[in-house]
Amino acid sequence: MSYSVKEVFYSLQGEGFHSGRPAIFCRLTQCNLWTGREQDRAKAICQFCDTDFIGTDGQNGGKFADAAALSKHLLNFWPDKNVVPFVVLTGGEPLLQVDQALIDTLHEFGFEIAIETNGTKQAPQQIDWICVSPKANAPLLLDHGNELKLVYPQAELLPEKVADLPFEHFYLQPMDDADPQIQTANIRAAVEYCLAHPQWQLSLQTHKLLGID
Ligand SMILES: C[S@@+](CC[C@H](N)C(=O)[O-])C[C@H]1O[C@@H](n2cnc3c(N)ncnc32)[C@H](O)[C@@H]1O
Ligand SMILES: Nc1nc2[nH]cc(C(=O)O)c2c(=O)[nH]1
Ligand code: SF4
Ligand SMILES: [Mg+2]
């Protein structure tokens, strides 16, 4: 199968458990919870998305004929042959495209693989690190993994609803908002919730604070 990729870049994982870790980001095109068009945002299931995932026109993006072609492309961005390359599959919703062939081939190329998913699709086997970020009013089919990262607040998805799922780590990530007052309120609310419910840790989008990709 072929893979449509919006962009590929080398940066530090900005969020969650692996914050600060160098990684190659592979942003796959398309999502099942929003078209990605601004005019459709208000009627989308997921309305707070901060990402452009349409098309293949981003930095180092493109269409790749098979898993080997994409794996080879990704490996070009890793700077040190003596360190295991770490790739974060994201999107859009990566599980619309990521299949067993891609996971197996990335492993053959030596990658450690992480994924950022909305949890509405089952994942192939052997992904090394699964981060699920559930969305209100979307079915949660992939309800286990390494980290659960809830964007907060979502009025219709309280942390209590997902707190007992089998994940190793639980993060609240303040919802980024263009309005600085709302942004500040979201950060405060997330901090307060973590303090009152210490099962949860705060995840800040540190790449935005640093001004990097
Ligand atoms: C753009 S999504 C792509 C992966 C997948 N579709 C998902 O939702 O998990 C990457 C991460 O950014 C988070 N995110 C998206 N918009 C956000 C926002 N406005 N504020 C904070 N986190 C956001 C998502 O919840 C997810 O954890
Ligand atoms: N640096 C950096 N870290 C990230 N972690 C998750 C991201 C995403 O968009 O999925 C992301 C991203 O876009 N940039
Ligand atoms: S599910 Fe993920 S990629 Fe899709 S619209 Fe929501 S945050 Fe964006
Ligand atoms: Mg992002």
# chains A, B, ... in the order shown; residues from 1 in each chain; ligands from 1

$ closest_atom_pairs --of "chain A" --to "ligand 1" --cutoff "9 Å" --atoms "only C-alpha atoms and all ligand atoms" --output "CSV"
residue,atom,partner,partner_atom_place_in_ligand_line,distance
A:Glu15,CA,ligand 1,27 (O),8.0
A:Gly16,CA,ligand 1,27 (O),8.7
A:Arg27,CA,ligand 1,3 (C),7.9
A:Leu28,CA,ligand 1,3 (C),8.9
A:Gln30,CA,ligand 1,6 (N),8.8
A:Cys31,CA,ligand 1,6 (N),6.5
A:Asn32,CA,ligand 1,6 (N),8.4
A:Leu33,CA,ligand 1,6 (N),8.1
A:Cys46,CA,ligand 1,8 (O),8.3
A:Gln47,CA,ligand 1,16 (N),8.4
A:Phe48,CA,ligand 1,19 (N),4.7
A:Cys49,CA,ligand 1,16 (N),3.6
A:Asp50,CA,ligand 1,16 (N),4.2
A:Thr51,CA,ligand 1,1 (C),5.1
A:Asp52,CA,ligand 1,1 (C),8.1
A:Phe53,CA,ligand 1,1 (C),8.0
A:Leu89,CA,ligand 1,4 (C),8.2
A:Thr90,CA,ligand 1,4 (C),4.8
A:Gly91,CA,ligand 1,3 (C),4.3
A:Gly92,CA,ligand 1,6 (N),4.7
A:Glu93,CA,ligand 1,6 (N),3.9
A:Pro94,CA,ligand 1,4 (C),6.7
A:Leu95,CA,ligand 1,6 (N),8.6
A:Ile115,CA,ligand 1,4 (C),7.9
A:Glu116,CA,ligand 1,4 (C),4.6
A:Thr117,CA,ligand 1,9 (O),3.8
A:Asn118,CA,ligand 1,9 (O),4.0
A:Gly119,CA,ligand 1,9 (O),7.3
A:Cys131,CA,ligand 1,9 (O),7.4
A:Val132,CA,ligand 1,9 (O),5.9
A:Ser133,CA,ligand 1,9 (O),4.5
A:Pro134,CA,ligand 1,9 (O),7.0
A:Lys135,CA,ligand 1,8 (O),7.4
A:Leu148,CA,ligand 1,27 (O),8.8
A:Lys149,CA,ligand 1,27 (O),6.0
A:Leu150,CA,ligand 1,25 (O),6.6
A:Val151,CA,ligand 1,22 (N),5.4
A:Tyr152,CA,ligand 1,21 (C),7.7
A:Gln173,CA,ligand 1,21 (C),5.8
A:Pro174,CA,ligand 1,21 (C),5.6
A:Met175,CA,ligand 1,20 (N),3.6
A:Asp176,CA,ligand 1,20 (N),3.7
A:Asp177,CA,ligand 1,19 (N),6.0
A:Ala178,CA,ligand 1,19 (N),8.8
A:Leu204,CA,ligand 1,21 (C),8.3
A:Gln205,CA,ligand 1,21 (C),7.1

$ select_by_dssp --residues "chain A" --states "strand (DSSP E or B)" --output "ChimeraX atom specification"
/A:3-12,22-28,62-64,86-90,112-117,129-132,145-152,167-174,200-202

$ residues_around --residues "Ile45 of chain A" --least-positions-apart "5" --cutoff "8 Å" --atoms "only C-alpha atoms" --output "PDB file with N, CA and C atoms, in the first residue's frame"
ATOM      1  N   LEU A  33     -11.867  12.642  12.078  1.00  0.00           N
ATOM      2  CA  LEU A  33     -12.705  13.453  12.973  1.00  0.00           C
ATOM      3  C   LEU A  33     -12.827  14.903  12.518  1.00  0.00           C
ATOM      4  N   TRP A  34     -12.142  15.253  11.418  1.00  0.00           N
ATOM      5  CA  TRP A  34     -12.233  16.608  10.835  1.00  0.00           C
ATOM      6  C   TRP A  34     -11.668  16.540   9.423  1.00  0.00           C
ATOM      7  N   ALA A 136     -13.925  13.688  22.766  1.00  0.00           N
ATOM      8  CA  ALA A 136     -15.345  13.633  23.115  1.00  0.00           C
ATOM      9  C   ALA A 136     -16.164  13.282  21.878  1.00  0.00           C
ATOM     10  N   ASN A 137     -17.156  12.442  22.076  1.00  0.00           N
ATOM     11  CA  ASN A 137     -18.102  12.075  21.013  1.00  0.00           C
ATOM     12  C   ASN A 137     -17.486  11.274  19.873  1.00  0.00           C
ATOM     13  N   ALA A 138     -16.340  10.682  20.139  1.00  0.00           N
ATOM     14  CA  ALA A 138     -15.723   9.769  19.167  1.00  0.00           C
ATOM     15  C   ALA A 138     -15.545   8.414  19.853  1.00  0.00           C
TER      16      ALA A 138
END

$ atom_distance --atom1 "atom CA of Gln39 of chain A" --atom2 "atom CA of Leu172 of chain A"
28.1 Å

$ residues_around --residues "Leu102 of chain A" --least-positions-apart "2" --cutoff "8 Å" --atoms "only C-alpha atoms" --output "PyMOL selection string"
chain A and resi 67-68+71+98-100+104-106

$ write_last_selection --atoms "C-alpha atoms" --output "tab-separated table (two decimals), in the first residue's frame"
chain	number	residue	atom	x	y	z
A	67	ALA	CA	6.65	0.84	3.36
A	68	ALA	CA	10.31	0.51	2.33
A	71	SER	CA	11.15	3.99	5.88
A	98	VAL	CA	-0.37	2.86	9.31
A	99	ASP	CA	-0.57	-0.89	8.74
A	100	GLN	CA	1.38	-3.96	9.83
A	104	ASP	CA	7.36	-4.35	10.38
A	105	THR	CA	9.39	-2.50	7.77
A	106	LEU	CA	10.24	0.38	10.11

$ select_by_dssp --residues "chain A" --states "alpha helix (DSSP H)" --output "PyMOL selection string"
chain A and resi 67-75+100-108+180-196+206-210

$ write_last_selection --atoms "C-alpha atoms" --output "compact mmCIF listing (two decimals), in the first residue's frame"
# COMPACT_ATOMS: atom_id res chain seq x y z
CA ALA A 67 6.65 0.84 3.36
CA ALA A 68 10.31 0.51 2.33
CA ALA A 69 10.24 3.79 0.39
CA LEU A 70 8.78 5.65 3.37
CA SER A 71 11.15 3.99 5.88
CA LYS A 72 14.16 4.91 3.73
CA HIS A 73 12.96 8.50 3.45
CA LEU A 74 12.47 8.78 7.23
CA LEU A 75 15.89 7.36 8.05
CA GLN A 100 1.38 -3.96 9.83
CA ALA A 101 3.62 -3.74 6.76
CA LEU A 102 4.78 -0.25 7.73
CA ILE A 103 5.43 -1.22 11.36
CA ASP A 104 7.36 -4.35 10.38
CA THR A 105 9.39 -2.50 7.77
CA LEU A 106 10.24 0.38 10.11
CA HIS A 107 11.50 -2.22 12.60
CA GLU A 108 13.58 -3.87 9.86
CA PRO A 180 -4.83 34.17 25.40
CA GLN A 181 -7.45 34.45 28.16
CA ILE A 182 -8.95 31.09 27.28
CA GLN A 183 -5.46 29.66 26.94
CA THR A 184 -4.54 30.84 30.44
CA ALA A 185 -7.80 29.47 31.85
CA ASN A 186 -7.18 26.09 30.22
CA ILE A 187 -3.66 25.87 31.70
CA ARG A 188 -4.96 26.83 35.16
CA ALA A 189 -7.77 24.28 34.96
CA ALA A 190 -5.35 21.52 33.95
CA VAL A 191 -2.93 22.38 36.77
CA GLU A 192 -5.77 22.43 39.31
CA TYR A 193 -7.07 19.08 38.10
CA CYS A 194 -3.64 17.42 38.35
CA LEU A 195 -3.09 18.81 41.85
CA ALA A 196 -6.45 17.43 42.99
CA THR A 206 6.95 22.43 24.88
CA HIS A 207 7.79 22.71 21.15
CA LYS A 208 5.38 25.67 20.99
CA LEU A 209 7.04 27.29 23.99
CA LEU A 210 10.44 26.75 22.35

$ closest_residue --among "A:Val83, A:Ala44, A:Val88, A:Ala123" --to "ligand 4" --atoms "only C-alpha atoms and all ligand atoms"
A:Val88

$ closest_residue --among "A:Ala42, A:Val87, A:Pro166, A:Tyr3" --to "ligand 2" --atoms "only C-alpha atoms and all ligand atoms"
A:Val87

$ atom_distance --atom1 "atom CA of Glu156 of chain A" --atom2 "atom CA of Pro139 of chain A"
12.8 Å

$ residues_around --residues "Ile54 of chain A" --least-positions-apart "6" --cutoff "7 Å" --atoms "only C-alpha atoms" --output "MDAnalysis selection string"
chainID A and resid 6 29:30 36

$ write_last_selection --atoms "C-alpha atoms" --output "CSV table (one decimal), in the first residue's frame"
chain,number,residue,atom,x,y,z
A,6,LYS,CA,1.9,15.8,4.8
A,29,THR,CA,-2.4,13.1,5.8
A,30,GLN,CA,-6.2,13.0,6.7
A,36,GLY,CA,-9.0,19.8,8.0

$ atom_distance --atom1 "atom CA of Phe86 of chain A" --atom2 "atom 2 (Fe, counted along the ligand's line) of ligand 3"
20.6 Å

$ closest_residue --among "A:Gln97, A:Ser4, A:Ser11, A:Gln122" --to "ligand 4" --atoms "only C-alpha atoms and all ligand atoms"
A:Ser11

$ residues_around --residues "Asp143 of chain A" --least-positions-apart "2" --cutoff "7 Å" --atoms "only C-alpha atoms" --output "PyMOL selection string"
chain A and resi 119+140-141+165

$ write_last_selection --atoms "C-alpha atoms" --output "compact mmCIF listing (two decimals), in the first residue's frame"
# COMPACT_ATOMS: atom_id res chain seq x y z
CA GLY A 119 -7.89 5.91 19.52
CA LEU A 140 -12.61 4.83 21.76
CA LEU A 141 -11.69 1.47 20.23
CA LEU A 165 -8.30 2.40 31.42

$ closest_residue --among "A:Asp213, A:Pro159, A:His18, A:Asp128" --to "ligand 4" --atoms "only C-alpha atoms and all ligand atoms"
A:Asp213
